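See structure below.
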Amino acid sequence: MTRIVQAGKLSNGHWNGSVSANDTTLDLASIAETLDDYYVVVNPKAKTRCIDGRHDPGLNEAELGPQVPGGATGAALAYRLGVDRDDLTRGTFLSDFESMLNNYLRLGLTPGGHRDNGDHADGGVGCGAIDSVAKVLECISEPRLVEDSKRLTRAILAEDFVRDDYLRVLGASVVLGAHANDYFAQNNELLPLLEEKAPGSVSTLTGTHNEKLVIVNFVPGTTFASNRFADSHNGMQAFGYDVWRSKELAALLLPQDSEYIDRWRFITARVMITIATLMALTDGSLQVVFRLPIDV
Ligand SMILES: [Zn+2]
């Protein structure tokens, strides 16, 4: 049993990206009515997917992995911003990613990432969460976007929102952002490293972005059949974020954290990065839908 909640537009303001729903009138009521038909049980062995709604020709409908921005790379940034006790001015995204990748493999999780088949002559991106990660980091603390960021983080975390954690991640993003050139210098080595450590884990998405809504999925163990949804909605896509997965990963990464201090910091950072990724990719006009579990 699930409950679909329409949460309105991402923002009344104008975000930094080009993906837009301003050209569309969505029949959200009928989308909400059948949304559960497009959710399936995750296959634990299937590779982690990005929130990107574009077509993945390699996707096996019977073996879908959970969706989080950037696949496994985003977890590395969340750990750096929310949990890591290291000096924020040292280290690189590549080494943070390698550590996170080793965690995934140690825990028996299947990492994943993606490129696309575009030539990007138009300045477009492959995986926005990886190729534009420096812009994503900037969005977290961009003054005109902070209110949206805080409102949406609070909406997703609900009673688990901790203001101090939010401010801590916000501050960490500013400190790290001041060293972004060094921190992100080796980013073109991320996907080759992923491919080397987990062969077959890098997908190549096709087509153009046509996401009109963002679905935040709270129902543990389920994920969005993105190809099938687009096929049966005239090519309209949706960003899917399996927030339950961030919570599950926090528990796996931080098993001794019985007070949930670091776990909630990790989850808060992960949610903030997801919102910032949408700020970098979209103009803020997309509709937001929450898919919540109902206890029966
Ligand atoms: Zn992506």
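In the structure tokens, each chain is lettered A, B, ... as it comes, each chain's residues begin at 1, and ligands are numbered from 1 in order of appearance.
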
Report as a Markdown table the residues of chain A within 9 Å of ligand 1, each with its shortest atom pair and distance in Å (one decimal), using only C-alpha atoms and all ligand atoms, ordered by chain and increasing residue number.
```
| residue | atom | partner | partner_atom_place_in_ligand_line | distance |
| --- | --- | --- | --- | --- |
| A:Arg49 | CA | ligand 1 | 1 (Zn) | 7.9 |
| A:Cys50 | CA | ligand 1 | 1 (Zn) | 4.6 |
| A:Ile51 | CA | ligand 1 | 1 (Zn) | 6.2 |
| A:Asp52 | CA | ligand 1 | 1 (Zn) | 5.1 |
| A:Gly53 | CA | ligand 1 | 1 (Zn) | 8.7 |
| A:Val68 | CA | ligand 1 | 1 (Zn) | 8.5 |
| A:Pro69 | CA | ligand 1 | 1 (Zn) | 5.9 |
| A:Gly70 | CA | ligand 1 | 1 (Zn) | 4.6 |
| A:Gly71 | CA | ligand 1 | 1 (Zn) | 7.0 |
| A:Gly113 | CA | ligand 1 | 1 (Zn) | 7.0 |
| A:His114 | CA | ligand 1 | 1 (Zn) | 6.1 |
| A:Arg115 | CA | ligand 1 | 1 (Zn) | 7.5 |
| A:Asp116 | CA | ligand 1 | 1 (Zn) | 8.9 |
| A:Val125 | CA | ligand 1 | 1 (Zn) | 9.0 |
| A:Gly126 | CA | ligand 1 | 1 (Zn) | 6.9 |
| A:Cys127 | CA | ligand 1 | 1 (Zn) | 3.6 |
| A:Gly128 | CA | ligand 1 | 1 (Zn) | 5.2 |
| A:Ala129 | CA | ligand 1 | 1 (Zn) | 5.2 |
| A:Ile130 | CA | ligand 1 | 1 (Zn) | 6.8 |
| A:Asp131 | CA | ligand 1 | 1 (Zn) | 8.6 |
| A:Leu205 | CA | ligand 1 | 1 (Zn) | 9.0 |
```

Residues at most 8 Å from segment 167-175 of chain A, counting only C-alpha atoms, excluding those fewer than 4 positions away in the same chain, as a list of chain:residue names?
->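 Final neighbour list, sorted by chain and number: A:Leu81, A:Gly82, A:Leu88, A:Thr89, A:Leu137, A:Glu138, A:Ile140, A:Ser141, A:Arg163, A:His179, A:Arg265, A:Thr268, A:Ala269.
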
Which residues in segment 100-134 of chain A does DSSP call strand (DSSP E)? List them as a PyMOL selection string.
-> chain A and resi 113-116

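Across the structure, atom CA of Lys150 of chain A and atom CA of Arg263 of chain A are spaced 18.6 Å apart.
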
Counting only C-alpha atoms, the option among A:Ala21, A:Glu63, A:Ala230, A:Cys139 closest to Ala280 of chain A | A:Cys139

Picked from segment 52-221 of chain A by DSSP as helix (DSSP H, G or I), as a VMD selection string | chain A and resid 73 to 82 93 to 106 128 to 131 133 to 141 143 to 160 163 to 177 180 to 183 187 to 197

Nearest to Thr34 of chain A by atom-to-atom distance, counting only C-alpha atoms, from A:Val146, A:Asn234, A:Asn22, A:Thr2 =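 For Thr34 of chain A, the nearest of the candidates is A:Thr2.
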
Compare A:Ala198, A:Ile215, A:Leu101, A:Leu94 by their minimum atom-to-atom distance to Val288 of chain A, counting only C-alpha atoms, and give me the closest one.
->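 With only C-alpha atoms as the atom set, the closest residue is A:Ile215.
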
What is the atom CA of Leu152 of chain A-atom CA of Ala75 of chain A distance in Å, reported with one decimal?
-> 19.0 Å

What lies within 12 Å of Asp295 of chain A using only C-alpha atoms, ignoring chain neighbours under 4 positions off, as number ranges by chain?
-> A: 1-3, 219

When distances are computed from only C-alpha atoms, which of A:Glu211, A:Glu142, A:Glu159, A:Asp27 shows the smallest separation from Ala276 of chain A?
->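 Residue with the minimum atom-to-atom distance to Ala276 of chain A: A:Glu142.
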
Selection near Arg154 of chain A, 10 Å with only C-alpha atoms, sequence-local residues under 5 positions removed, as a ChimeraX atom specification = /A:148-149,159-163,166,268,271-272

Nearest to Asp36 of chain A among A:Ile4, A:Leu10, A:Asp87, A:Lys247, with distances taken over only C-alpha atoms: which residue is it?
-> A:Ile4

If we count only C-alpha atoms, what is near Phe184 of chain A at a cut-off of 10 Å, once residues fewer than 3 positions away on the same chain are taken out, given as an NGL selection string?
-> :A and (91-94 or 130-131 or 133-134 or 177 or 179-181 or 187-188)

What's the 10 Å shell around Ala251 of chain A, counting only C-alpha atoms, without same-chain residues fewer than 6 positions away, as JSON, numbers by chain?
-> {"A": [245, 257, 258, 260, 262, 263, 264, 266, 267]}

Could those selected residues go to a file with C-alpha atoms, as a PDB file, in the first residue's frame?
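Saved as again_23.pdb:
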```pdb
ATOM      1  CA  ARG A 245      18.213   3.893  -0.315  1.00  0.00           C
ATOM      2  CA  ASP A 257      26.323   5.046  14.955  1.00  0.00           C
ATOM      3  CA  SER A 258      23.587   4.055  17.378  1.00  0.00           C
ATOM      4  CA  TYR A 260      22.138   8.311  14.455  1.00  0.00           C
ATOM      5  CA  ASP A 262      26.471  10.720  11.509  1.00  0.00           C
ATOM      6  CA  ARG A 263      23.750   8.743   9.760  1.00  0.00           C
ATOM      7  CA  TRP A 264      21.415  11.735   9.695  1.00  0.00           C
ATOM      8  CA  PHE A 266      24.939  11.648   5.699  1.00  0.00           C
ATOM      9  CA  ILE A 267      21.256  11.453   4.762  1.00  0.00           C
TER      10      ILE A 267
END
```

Which residue, A:Ala185, A:Ile31, A:Leu191, A:Met279, has the smallest gap to Ser18 of chain A when you use only C-alpha atoms?
-> A:Met279

10 Å contact set for Glu98 of chain A, only C-alpha atoms, chain neighbours under 4 positions out, as an MDAnalysis selection string = chainID A and resid 73 76 92:94 102:104 190 193:194 197

In Å to one decimal, how far is atom CA of Thr282 of chain A from atom CA of Asn12 of chain A?
-> 12.5 Å
